[in-house]
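Undergrad: Sending over query.tsv (TSV, C-alpha atoms).
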chain	number	residue	atom	x	y	z
M	5	MET	CA	99.81	143.85	114.98
M	6	LYS	CA	98.63	145.49	111.77
M	7	ARG	CA	95.68	143.12	111.48
M	8	ARG	CA	94.73	143.77	115.11
M	9	ARG	CA	94.87	147.55	114.52
M	10	ILE	CA	92.64	147.21	111.46
M	11	LEU	CA	90.15	145.13	113.46
M	12	ILE	CA	90.01	147.73	116.25
M	13	ILE	CA	89.49	150.53	113.76
M	14	THR	CA	86.70	148.58	112.06
M	15	ILE	CA	84.90	147.97	115.38
M	16	CYS	CA	85.17	151.67	116.28
M	17	VAL	CA	83.67	152.68	112.93
M	18	VAL	CA	80.74	150.28	113.46
M	19	VAL	CA	80.09	151.57	117.00
M	20	ILE	CA	80.23	155.18	115.81
M	21	GLY	CA	77.86	154.31	112.97
M	22	ILE	CA	75.37	152.74	115.34
M	23	ALA	CA	75.56	155.71	117.73
M	24	LEU	CA	75.13	158.17	114.85
M	25	SER	CA	72.12	156.21	113.62
M	26	ILE	CA	70.51	156.40	117.05
M	27	VAL	CA	71.09	160.17	117.20
M	28	LEU	CA	69.75	160.75	113.71
M	29	THR	CA	66.62	158.67	114.32
M	30	ARG	CA	65.82	160.19	117.73
M	31	GLY	CA	62.16	161.49	117.69
M	32	THR	CA	60.98	158.66	115.44
M	33	SER	CA	59.22	155.55	116.59
M	34	PRO	CA	61.34	152.49	117.17
M	35	GLU	CA	59.64	150.83	114.21
M	36	GLY	CA	60.39	153.55	111.65
M	37	PRO	CA	59.49	157.17	110.76
M	38	LEU	CA	57.21	159.48	112.70
M	39	THR	CA	53.59	158.42	112.95
M	40	THR	CA	51.15	161.07	111.85
M	41	VAL	CA	47.40	161.48	111.42
M	42	ASN	CA	45.54	163.91	109.22
M	43	VAL	CA	43.32	166.61	110.63
M	44	THR	CA	39.88	165.66	109.30
M	45	ARG	CA	36.28	166.79	109.41
M	46	GLY	CA	33.66	164.72	111.16
M	47	ASP	CA	31.05	164.57	113.88
M	48	ILE	CA	31.73	164.64	117.60
M	49	VAL	CA	29.05	163.18	119.84
M	50	LYS	CA	29.31	163.29	123.61
M	51	THR	CA	27.35	160.49	125.25
M	52	VAL	CA	26.56	158.94	128.61
M	53	LEU	CA	26.44	155.14	128.61
M	54	VAL	CA	23.77	153.31	130.56
M	55	ASP	CA	23.56	149.54	131.03
M	56	GLY	CA	20.14	148.06	131.67
M	57	SER	CA	17.41	145.83	130.32
M	58	LEU	CA	14.22	146.05	128.29
M	59	ALA	CA	10.76	145.90	129.82
M	60	MET	CA	7.24	145.83	128.44
M	61	PRO	CA	5.32	147.94	130.99
M	62	ASN	CA	1.84	147.21	129.69
M	63	LYS	CA	1.14	143.74	131.08
M	64	ALA	CA	-2.02	142.15	132.46
M	65	TYR	CA	-2.42	139.06	134.61
M	66	LEU	CA	-6.04	138.08	134.08
M	67	SER	CA	-8.21	135.78	136.20
M	68	PHE	CA	-11.86	134.87	136.64
M	69	GLY	CA	-13.97	136.73	139.18
M	70	ALA	CA	-16.37	133.88	139.82
M	71	MET	CA	-16.23	130.18	140.63
M	72	GLY	CA	-17.15	127.49	138.15
M	73	THR	CA	-15.83	125.06	135.54
M	74	VAL	CA	-13.63	126.31	132.70
M	75	GLU	CA	-15.85	125.75	129.68
M	76	GLU	CA	-13.76	127.27	126.85
M	77	ILE	CA	-10.28	128.64	126.28
M	78	LEU	CA	-10.55	130.58	123.05
M	79	VAL	CA	-6.86	131.51	122.56
M	80	ALA	CA	-3.44	129.90	122.63
M	81	GLU	CA	-0.07	131.17	123.85
M	82	GLY	CA	1.44	133.52	121.29
M	83	ASN	CA	-1.90	134.56	119.78
M	84	ASN	CA	-2.46	138.23	118.96
M	85	VAL	CA	-5.67	139.51	120.55
M	86	THR	CA	-7.61	142.77	120.40
M	87	GLU	CA	-9.18	144.85	123.14
M	88	GLY	CA	-12.57	143.43	124.19
M	89	GLN	CA	-11.90	139.96	122.75
M	90	ILE	CA	-13.16	137.06	124.90
M	91	LEU	CA	-10.23	134.83	125.89
M	92	ALA	CA	-11.92	132.23	128.11
M	93	ARG	CA	-15.26	131.57	129.85
M	94	LEU	CA	-16.68	129.49	132.69
M	95	ASP	CA	-19.67	127.20	132.58
M	96	ALA	CA	-21.81	129.17	135.04
M	97	PRO	CA	-25.52	128.23	134.61
M	98	SER	CA	-26.53	129.77	137.93
M	99	LEU	CA	-25.14	133.15	136.88
M	100	GLU	CA	-26.90	132.92	133.53
M	101	SER	CA	-30.18	132.04	135.30
M	102	SER	CA	-29.76	135.04	137.56
M	103	VAL	CA	-29.47	137.30	134.53
M	104	GLU	CA	-32.55	135.78	132.92
M	105	MET	CA	-34.53	136.16	136.15
M	106	ALA	CA	-33.44	139.76	136.53
M	107	GLU	CA	-34.41	140.50	132.92
M	108	LEU	CA	-37.86	139.08	133.59
M	109	GLN	CA	-38.22	141.18	136.73
M	110	VAL	CA	-37.37	144.29	134.72
M	111	GLU	CA	-40.05	143.44	132.16
M	112	ILE	CA	-42.67	142.94	134.93
M	113	ALA	CA	-41.67	146.21	136.59
M	114	GLU	CA	-41.95	148.06	133.28
M	115	GLU	CA	-45.50	146.75	132.81
M	116	GLN	CA	-46.39	147.76	136.35
M	117	VAL	CA	-45.16	151.26	135.65
M	118	LYS	CA	-47.30	151.46	132.54
M	119	ALA	CA	-50.40	150.25	134.44
M	120	ALA	CA	-49.83	152.64	137.32
M	121	ARG	CA	-49.39	155.54	134.97
M	122	ALA	CA	-52.64	154.63	133.18
M	123	GLN	CA	-54.51	154.53	136.50
M	124	TYR	CA	-53.12	157.92	137.42
M	125	GLU	CA	-54.16	159.43	134.10
M	126	ILE	CA	-57.71	158.03	134.47
M	127	ALA	CA	-58.00	159.39	137.99
M	128	GLN	CA	-56.81	162.78	136.77
M	129	ILE	CA	-59.41	162.79	133.98
M	130	ASN	CA	-62.19	161.89	136.42
M	131	LEU	CA	-61.09	164.74	138.66
M	132	ASP	CA	-61.09	167.19	135.79
M	133	GLU	CA	-64.57	166.11	134.64
M	134	GLY	CA	-65.98	166.04	138.19
M	135	LYS	CA	-67.82	162.70	137.79
M	136	MET	CA	-67.69	162.08	141.56
M	137	SER	CA	-67.25	164.24	144.62
M	138	GLU	CA	-64.13	166.27	144.46
M	139	GLY	CA	-62.73	164.91	147.71
M	140	ILE	CA	-63.01	161.29	146.62
M	141	LEU	CA	-61.51	162.07	143.20
M	142	GLU	CA	-58.53	163.86	144.76
M	143	LEU	CA	-57.87	160.86	146.99
M	144	GLN	CA	-57.97	158.57	143.96
M	145	VAL	CA	-55.51	160.84	142.11
M	146	ASP	CA	-53.15	160.89	145.09
M	147	ALA	CA	-53.33	157.11	145.43
M	148	ALA	CA	-52.72	156.60	141.72
M	149	ARG	CA	-49.76	158.99	141.81
M	150	ALA	CA	-48.28	157.09	144.76
M	151	ASN	CA	-48.73	153.76	143.00
M	152	TRP	CA	-47.05	155.13	139.88
M	153	LYS	CA	-44.12	156.41	141.95
M	154	THR	CA	-43.77	153.04	143.69
M	155	ALA	CA	-43.87	151.22	140.37
M	156	LYS	CA	-41.05	153.41	139.03
M	157	LEU	CA	-38.96	152.72	142.14
M	158	ASN	CA	-39.55	149.00	141.71
M	159	LEU	CA	-38.38	149.32	138.10
M	160	GLU	CA	-35.17	151.03	139.21
M	161	ILE	CA	-34.55	148.25	141.73
M	162	ALA	CA	-35.15	145.60	139.05
M	163	GLU	CA	-32.73	147.35	136.67
M	164	LEU	CA	-30.05	147.49	139.37
M	165	SER	CA	-30.56	143.79	140.04
M	166	LEU	CA	-30.14	143.09	136.33
M	167	GLU	CA	-26.97	145.18	136.21
M	168	SER	CA	-25.58	143.28	139.22
M	169	ALA	CA	-26.45	139.92	137.65
M	170	GLU	CA	-24.78	140.92	134.37
M	171	LEU	CA	-21.65	142.04	136.23
M	172	ASN	CA	-21.49	138.72	138.01
M	173	LEU	CA	-21.88	136.92	134.69
M	174	GLU	CA	-19.04	139.01	133.24
M	175	LYS	CA	-16.79	137.67	136.01
M	176	ALA	CA	-17.17	134.26	134.42
M	177	VAL	CA	-15.53	135.58	131.24
M	178	ILE	CA	-11.95	136.77	130.69
M	179	VAL	CA	-11.75	139.67	128.22
M	180	ALA	CA	-8.62	141.30	126.77
M	181	PRO	CA	-8.23	144.82	128.27
M	182	PHE	CA	-5.96	145.94	125.42
M	183	ASP	CA	-4.40	144.80	122.14
M	184	GLY	CA	-1.54	142.41	122.82
M	185	ILE	CA	-0.08	138.91	122.75
M	186	VAL	CA	-1.04	136.00	124.99
M	187	ALA	CA	2.14	135.33	126.98
M	188	ASP	CA	0.96	132.53	129.28
M	189	ILE	CA	-2.07	130.32	129.98
M	190	THR	CA	-2.24	128.46	133.30
M	191	ILE	CA	-5.78	127.01	133.10
M	192	THR	CA	-7.21	124.06	131.18
M	193	GLU	CA	-10.70	123.32	129.93
M	194	GLY	CA	-12.70	121.38	132.49
M	195	GLU	CA	-10.69	122.76	135.42
M	196	GLU	CA	-12.66	123.82	138.49
M	197	ILE	CA	-12.10	127.42	139.62
M	198	SER	CA	-12.54	127.61	143.40
M	199	THR	CA	-12.08	130.31	146.02
M	200	ALA	CA	-8.50	129.09	146.45
M	201	THR	CA	-7.65	129.61	142.76
M	202	LEU	CA	-9.60	132.79	142.03
M	203	ALA	CA	-6.59	135.03	142.67
M	204	THR	CA	-4.24	132.94	140.50
M	205	PRO	CA	-3.67	134.48	137.03
M	206	ALA	CA	-5.33	132.36	134.36
M	207	ILE	CA	-4.03	134.20	131.29
M	208	SER	CA	-1.13	136.65	130.97
M	209	LEU	CA	-1.26	139.33	128.30
M	210	VAL	CA	1.47	141.72	127.16
M	211	ASP	CA	1.46	144.71	124.84
M	212	THR	CA	4.62	144.36	122.71
M	213	SER	CA	4.12	147.70	120.94
M	214	GLU	CA	5.34	149.65	123.98
M	215	ILE	CA	8.87	148.87	125.21
M	216	GLU	CA	11.06	150.67	127.72
M	217	MET	CA	14.65	150.35	128.85
M	218	HIS	CA	15.49	150.71	132.53
M	219	GLY	CA	18.97	151.44	133.81
M	220	PHE	CA	20.93	153.36	136.44
M	221	ILE	CA	23.12	156.45	135.88
M	222	ASP	CA	25.72	157.35	138.50
M	223	GLU	CA	25.77	160.73	140.17
M	224	ILE	CA	28.78	161.93	138.15
M	225	ASP	CA	26.84	161.78	134.87
M	226	ILE	CA	23.26	162.36	136.00
M	227	THR	CA	23.52	166.17	135.89
M	228	MET	CA	24.14	165.98	132.13
M	229	VAL	CA	21.06	163.86	131.43
M	230	GLN	CA	17.71	165.53	130.70
M	231	LEU	CA	14.23	164.44	129.69
M	232	GLY	CA	13.71	164.26	125.94
M	233	GLN	CA	17.34	163.58	125.04
M	234	GLU	CA	17.93	161.31	122.05
M	235	VAL	CA	19.24	157.80	122.74
M	236	ASN	CA	20.89	155.09	120.65
M	237	ILE	CA	20.24	151.61	122.07
M	238	ILE	CA	22.61	148.68	121.53
M	239	LEU	CA	21.21	145.19	122.19
M	240	ASP	CA	23.44	142.29	123.17
M	241	ALA	CA	21.16	139.79	121.43
M	242	LEU	CA	20.59	141.92	118.30
M	243	PRO	CA	23.80	143.91	117.70
M	244	LYS	CA	22.86	144.81	114.10
M	245	GLU	CA	19.54	146.41	115.00
M	246	GLU	CA	19.48	150.22	115.14
M	247	VAL	CA	17.01	151.14	117.86
M	248	LYS	CA	16.31	154.74	118.86
M	249	GLY	CA	14.84	156.02	122.09
M	250	GLU	CA	14.15	159.02	124.28
M	251	VAL	CA	14.76	159.71	127.96
M	252	THR	CA	11.29	159.81	129.56
M	253	PHE	CA	11.98	159.50	133.30
M	254	ILE	CA	14.79	160.31	135.73
M	255	SER	CA	14.23	159.39	139.35
M	256	PRO	CA	14.67	162.33	141.75
M	257	THR	CA	15.93	159.94	144.45
M	258	GLY	CA	19.19	158.03	144.34
M	259	THR	CA	19.91	154.37	144.98
M	260	ILE	CA	23.20	153.17	146.47
M	261	LEU	CA	24.68	150.38	144.36
M	262	ALA	CA	28.10	149.02	145.36
M	263	GLY	CA	28.77	152.21	147.29
M	264	VAL	CA	27.92	154.46	144.33
M	265	VAL	CA	24.83	156.66	144.19
M	266	SER	CA	22.84	155.98	141.01
M	267	TYR	CA	19.53	157.19	139.62
M	268	ASP	CA	16.90	155.02	137.99
M	269	THR	CA	16.30	156.16	134.40
M	270	THR	CA	13.64	155.13	131.90
M	271	ILE	CA	14.12	155.30	128.13
M	272	SER	CA	11.15	154.76	125.79
M	273	LEU	CA	11.95	152.98	122.53
M	274	GLU	CA	10.72	154.83	119.45
M	275	ASN	CA	11.10	152.06	116.84
M	276	PRO	CA	10.84	148.66	118.58
M	277	VAL	CA	11.45	145.70	116.30
M	278	ALA	CA	9.59	142.39	116.39
M	279	GLU	CA	12.57	140.45	117.77
M	280	LEU	CA	12.72	142.44	121.02
M	281	ARG	CA	11.86	140.55	124.21
M	282	ASP	CA	11.10	141.58	127.75
M	283	GLY	CA	14.26	141.39	129.89
M	284	MET	CA	16.83	141.65	127.07
M	285	SER	CA	20.16	143.23	128.08
M	286	ALA	CA	20.86	146.59	126.47
M	287	THR	CA	23.25	149.53	126.53
M	288	ALA	CA	21.99	153.05	125.92
M	289	GLU	CA	24.06	155.90	124.50
M	290	ILE	CA	22.35	159.07	125.71
M	291	ILE	CA	23.36	161.91	123.39
M	292	ILE	CA	24.39	164.82	125.61
M	293	GLU	CA	25.82	167.12	122.92
M	294	ARG	CA	26.58	166.84	119.21
M	295	HIS	CA	28.78	168.92	116.88
M	296	ASP	CA	28.62	168.00	113.19
M	297	ASP	CA	31.18	168.63	110.43
M	298	VAL	CA	33.95	169.98	112.66
M	299	LEU	CA	37.75	169.61	112.64
M	300	ILE	CA	38.80	166.62	114.74
M	301	ILE	CA	41.99	164.95	115.89
M	302	PRO	CA	42.54	161.90	118.09
M	303	ASN	CA	42.98	162.65	121.78
M	304	ARG	CA	46.30	160.83	121.85
M	305	ALA	CA	47.77	163.49	119.55
M	306	ILE	CA	47.21	166.29	122.09
M	307	ARG	CA	50.19	167.38	124.16
M	308	GLY	CA	50.73	170.02	126.82
M	309	THR	CA	48.10	170.63	129.50
M	310	LEU	CA	44.35	170.99	129.64
M	311	GLU	CA	44.80	174.75	130.03
M	312	ASN	CA	47.40	174.99	127.26
M	313	PRO	CA	47.00	172.11	124.78
M	314	LYS	CA	49.47	171.78	121.92
M	315	VAL	CA	50.21	169.51	118.98
M	316	LEU	CA	53.24	168.84	116.80
M	317	VAL	CA	52.52	169.39	113.10
M	318	LEU	CA	54.67	167.97	110.32
M	319	VAL	CA	55.35	170.84	107.88
M	320	ASP	CA	57.81	170.30	105.02
M	321	GLU	CA	59.24	167.29	106.89
M	322	GLN	CA	59.90	169.54	109.91
M	323	GLU	CA	58.21	169.43	113.32
M	324	GLU	CA	56.27	172.55	114.21
M	325	GLU	CA	54.67	173.06	117.63
M	326	ARG	CA	51.21	174.65	117.61
M	327	GLU	CA	48.94	175.89	120.35
M	328	ILE	CA	45.34	174.83	119.71
M	329	THR	CA	41.90	175.54	121.12
M	330	LEU	CA	39.81	172.49	121.92
M	331	GLY	CA	36.07	171.99	121.80
M	332	LEU	CA	33.85	168.98	122.40
M	333	THR	CA	35.34	165.53	123.00
M	334	ASP	CA	33.80	162.07	122.87
M	335	GLY	CA	36.64	160.49	124.82
M	336	ILE	CA	38.46	159.28	121.69
M	337	ASN	CA	38.53	162.29	119.36
M	338	THR	CA	38.31	166.01	120.10
M	339	GLU	CA	37.05	169.01	118.19
M	340	VAL	CA	39.67	171.63	117.27
M	341	LEU	CA	38.34	175.20	117.28
M	342	SER	CA	41.55	176.92	116.20
M	343	GLY	CA	45.23	176.29	115.44
M	344	LEU	CA	44.88	173.65	112.74
M	345	GLU	CA	43.57	173.32	109.19
M	346	GLU	CA	41.93	170.36	107.54
M	347	GLY	CA	44.46	168.01	105.93
M	348	GLU	CA	47.45	169.00	108.07
M	349	LYS	CA	49.50	166.16	109.52
M	350	VAL	CA	49.70	165.92	113.30
M	351	ILE	CA	52.50	163.87	114.85
M	352	LEU	CA	51.49	161.20	117.34
M	353	PRO	CA	53.68	160.81	120.43
M	354	THR	CA	55.75	157.70	120.98
M	355	PRO	CA	54.97	155.44	123.96
M	356	GLU	CA	58.00	156.88	125.75
M	357	GLU	CA	56.74	160.44	125.23
M	358	ARG	CA	53.31	159.54	126.58
M	359	GLN	CA	54.87	158.36	129.80
M	360	GLY	CA	56.72	161.61	130.27
M	361	GLY	CA	54.05	164.24	129.57
M	362	PHE	CA	50.37	165.07	129.25
M	363	PHE	CA	48.52	163.37	126.47
M	364	MET	CA	44.75	162.90	126.31
M	365	MET	CA	43.83	159.24	125.94
Would you give me this structure, written as structure tokens?

TA:
Amino acid sequence: MKRRRILIITICVVVIGIALSIVLTRGTSPEGPLTTVNVTRGDIVKTVLVDGSLAMPNKAYLSFGAMGTVEEILVAEGNNVTEGQILARLDAPSLESSVEMAELQVEIAEEQVKAARAQYEIAQINLDEGKMSEGILELQVDAARANWKTAKLNLEIAELSLESAELNLEKAVIVAPFDGIVADITITEGEEISTATLATPAISLVDTSEIEMHGFIDEIDITMVQLGQEVNIILDALPKEEVKGEVTFISPTGTILAGVVSYDTTISLENPVAELRDGMSATAEIIIERHDDVLIIPNRAIRGTLENPKVLVLVDEQEEEREITLGLTDGINTEVLSGLEEGEKVILPTPEERQGGFFMM
């Protein structure tokens, strides 16, 4: 009986010890002492995220404007070209002959103008000197003036014909309209260009120096976005690249995507890198507001309500409740305007406490 009594007493002591331990450790995390974070200084940046893709808006799909045989292709895919550079030309002897004929017609018309002018000047001199009857001389002057005028009109017609012939000859040549890179070539030397293939692009050119990002912003966030706002761009294919941008267009009309109204937004890249490609997936962080060097705490440390936020501060190993005033938040951390000092320790709530009250996540 004595042994049994001792055993019962021992069990009771153990149970009491366990219960006392639970009471004494209430308010701490199950894994040990209270978890705290220091109030620190840092930057708070509020952003709107936009998913989208890159685009190179300055593209050209070039083709011949005349029929003929492809005589030369002077570039290859991937070549850098400059504005005005000839990329390809047709073998078009008939067009070249037309230009030569028109040039000859201009030369003949110019000589005719010179001759007509000389005749007019002679007739005018004869009239002034009165070598013949005045009536006959006046008729000669009028006739010479008319011939001169006709010759000048014929010269204008010849010059227009030459201009037309030169324009037609230019259609047999593909010229770069801007500095860029040859993206695609669909023709081959010796190929016949017919009426059926005139509209088909022969050479594609793209300007890689100008790159935009296009994405959609839903109606909840669009009111915070403005033209000129700074943007950080994150690229799926190049995560280490730091690319900056600027909001340059916000569509005034919405588009319904999956039942949500969104607005097309364009962001111009300010420092595009060589590795960027048209169509790359990207995420933009549009900077809505920024506060630098401010007191910050993690959102999960904030208790109470939005109207009356509070924190628990560990002071001399004792918990002290404080009312605080909040500022800007980035969704993870929040600026503290009053109620805390830098370096103070704020107690984080346990998982059980989060379930029972308000805590900003």

Undergrad: So which residues touch segment 271-277 of chain M within 6 Å, counting all atoms listed in the file, skipping near sequence neighbours fewer than 3 positions away, as a PyMOL selection string?

TA: chain M and resi 215-217+248-252+280

Undergrad: Write a file of the selected residues as an mmCIF file, in the coordinates of the input, keeping C-alpha atoms.

TA:
data_model
loop_
_atom_site.group_PDB
_atom_site.id
_atom_site.type_symbol
_atom_site.label_atom_id
_atom_site.label_comp_id
_atom_site.auth_asym_id
_atom_site.auth_seq_id
_atom_site.Cartn_x
_atom_site.Cartn_y
_atom_site.Cartn_z
ATOM 1 C CA ILE M 215 8.870 148.870 125.210
ATOM 2 C CA GLU M 216 11.060 150.670 127.720
ATOM 3 C CA MET M 217 14.650 150.350 128.850
ATOM 4 C CA LYS M 248 16.310 154.740 118.860
ATOM 5 C CA GLY M 249 14.840 156.020 122.090
ATOM 6 C CA GLU M 250 14.150 159.020 124.280
ATOM 7 C CA VAL M 251 14.760 159.710 127.960
ATOM 8 C CA THR M 252 11.290 159.810 129.560
ATOM 9 C CA LEU M 280 12.720 142.440 121.020
#

Undergrad: So which residues touch Pro97 of chain M within 12 Å, counting all atoms listed in the file, skipping near sequence neighbours fewer than 2 positions away, as a ChimeraX atom specification?

TA: /M:70-73,75,93-95,99-104,172-173,176

Undergrad: Hey, can you spit out that residue selection with C-alpha atoms as a PDB file, in the frame of the given file?

TA:
ATOM      1  CA  ALA M  70     -16.370 133.880 139.820  1.00  0.00           C
ATOM      2  CA  MET M  71     -16.230 130.180 140.630  1.00  0.00           C
ATOM      3  CA  GLY M  72     -17.150 127.490 138.150  1.00  0.00           C
ATOM      4  CA  THR M  73     -15.830 125.060 135.540  1.00  0.00           C
ATOM      5  CA  GLU M  75     -15.850 125.750 129.680  1.00  0.00           C
ATOM      6  CA  ARG M  93     -15.260 131.570 129.850  1.00  0.00           C
ATOM      7  CA  LEU M  94     -16.680 129.490 132.690  1.00  0.00           C
ATOM      8  CA  ASP M  95     -19.670 127.200 132.580  1.00  0.00           C
ATOM      9  CA  LEU M  99     -25.140 133.150 136.880  1.00  0.00           C
ATOM     10  CA  GLU M 100     -26.900 132.920 133.530  1.00  0.00           C
ATOM     11  CA  SER M 101     -30.180 132.040 135.300  1.00  0.00           C
ATOM     12  CA  SER M 102     -29.760 135.040 137.560  1.00  0.00           C
ATOM     13  CA  VAL M 103     -29.470 137.300 134.530  1.00  0.00           C
ATOM     14  CA  GLU M 104     -32.550 135.780 132.920  1.00  0.00           C
ATOM     15  CA  ASN M 172     -21.490 138.720 138.010  1.00  0.00           C
ATOM     16  CA  LEU M 173     -21.880 136.920 134.690  1.00  0.00           C
ATOM     17  CA  ALA M 176     -17.170 134.260 134.420  1.00  0.00           C
TER      18      ALA M 176
END

Undergrad: For segment 204-233 of chain M versus segment 76-91 of chain M, which residues have an atom no more than 10 Å away, and what is each residue's nearest atom pair and distance in Å rounded to one decimal, using all atoms listed in the file, chain-then-number order, as a tab-separated table?

TA:
residue	atom	partner	partner_atom	distance
M:Ile207	CA	M:Leu91	CA	8.2
M:Ser208	CA	M:Glu81	CA	9.0
M:Leu209	CA	M:Val85	CA	8.9
M:Val210	CA	M:Asn84	CA	9.7
M:Asp211	CA	M:Asn84	CA	9.6

Undergrad: Using all atoms listed in the file, which of the listed residues (M:Ala150, M:Val298, M:Val74, M:Ala120) sits closest to Glu346 of chain M?

TA: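 With all atoms listed in the file as the atom set, the closest residue is M:Val298.
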
Undergrad: Between M:Ala162, M:Ile306, M:Leu239, M:Ile129, single out the one closest to Ala288 of chain M, counting only C-alpha atoms.

TA: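 For Ala288 of chain M, the nearest of the given residues is M:Leu239.
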
Undergrad: Any idea what's packed within 7 Å of Glu293 of chain M, counting all atoms listed in the file, ignoring anything in its chain fewer than 2 positions away? Could you give it as a VMD selection string?

TA: chain M and resid 49 to 50 291 295

Undergrad: Could you pull out every residue with an atom within 7 Å of (-42.3, 148.4, 139.2), file coordinates, counting all atoms listed in the file, and send them as a list in words?

TA: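 In the file's frame, the residues around the point are Ile112, Ala113, Glu114, Gln116, Val117, Thr154, Ala155, Lys156, Leu157, Asn158 and Leu159 of chain M.
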
Undergrad: Could you check which of M:Tyr124, M:Phe220, M:Tyr65, M:Phe182 is closest to Val264 of chain M, using only C-alpha atoms?

TA: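 The closest residue to Val264 of chain M is M:Phe220.
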
Undergrad: Have a look at M:Leu310, M:Leu58, M:Ile48, M:Val186 and name the one nearest to Glu214 of chain M; count only C-alpha atoms.

TA: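 When distances to Glu214 of chain M are compared using only C-alpha atoms, the smallest one comes from M:Leu58.
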
Undergrad: Just give me the gap between atom CA of Ala119 of chain M and atom CA of Lys153 of chain M in Å, one decimal is fine.

TA: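 Computing the Euclidean distance for atom CA of Ala119 of chain M and atom CA of Lys153 of chain M yields 11.6 Å.
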
Undergrad: Which of these residues is nearest to Asp183 of chain M, using only C-alpha atoms: M:Asn312, M:Glu170, M:Pro302, M:Ala64?

TA: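 Nearest to Asp183 of chain M: M:Ala64.
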
Undergrad: Env of segment 326-340 of chain M: 7 Å cut, atoms = all atoms listed in the file, seq-sep filter 2 positions within chain, self excluded. Answer as a list in words.

TA: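 Listed by chain and then number, they are Ile48, Val49, Lys50, Val298, Leu299, Ile300, Ile301, Pro302, Asn303, Pro313, Lys314, Val315, Leu316, Glu324, Ser342, Gly343 and Met365 of chain M.
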
Undergrad: What is the distance between atom CA of Leu231 of chain M and atom CA of Ile254 of chain M, in Å to one decimal?

TA: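 Taking atom CA of Leu231 of chain M as the start and atom CA of Ile254 of chain M as the end point, the length is 7.3 Å.
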
Undergrad: Tell me, in Å to one decimal, how far atom CA of Arg307 of chain M is from atom CA of Glu321 of chain M.

TA: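 Distance between the two atoms: 19.5 Å.
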
Undergrad: Near Asp240 of chain M, within 12 Å and counting only C-alpha atoms, which residues show up once chain neighbours fewer than 4 positions away are dropped, as a PyMOL selection string?

TA: chain M and resi 55-58+244-246+280-281+283-288

Undergrad: Using C-alpha atoms, can you write the selected residues to a file as a PDB file, in the frame of the given file?

TA:
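The result, stored in out09.pdb:
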ATOM      1  CA  ASP M  55      23.560 149.540 131.030  1.00  0.00           C
ATOM      2  CA  GLY M  56      20.140 148.060 131.670  1.00  0.00           C
ATOM      3  CA  SER M  57      17.410 145.830 130.320  1.00  0.00           C
ATOM      4  CA  LEU M  58      14.220 146.050 128.290  1.00  0.00           C
ATOM      5  CA  LYS M 244      22.860 144.810 114.100  1.00  0.00           C
ATOM      6  CA  GLU M 245      19.540 146.410 115.000  1.00  0.00           C
ATOM      7  CA  GLU M 246      19.480 150.220 115.140  1.00  0.00           C
ATOM      8  CA  LEU M 280      12.720 142.440 121.020  1.00  0.00           C
ATOM      9  CA  ARG M 281      11.860 140.550 124.210  1.00  0.00           C
ATOM     10  CA  GLY M 283      14.260 141.390 129.890  1.00  0.00           C
ATOM     11  CA  MET M 284      16.830 141.650 127.070  1.00  0.00           C
ATOM     12  CA  SER M 285      20.160 143.230 128.080  1.00  0.00           C
ATOM     13  CA  ALA M 286      20.860 146.590 126.470  1.00  0.00           C
ATOM     14  CA  THR M 287      23.250 149.530 126.530  1.00  0.00           C
ATOM     15  CA  ALA M 288      21.990 153.050 125.920  1.00  0.00           C
TER      16      ALA M 288
END

Undergrad: From the list M:Asn236, M:Glu345, M:Thr257, M:Thr309, which residue is nearest Leu53 of chain M when using all atoms listed in the file?

TA: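 Of M:Asn236, M:Glu345, M:Thr257, M:Thr309, the one nearest Leu53 of chain M is M:Asn236, counting all atoms listed in the file.
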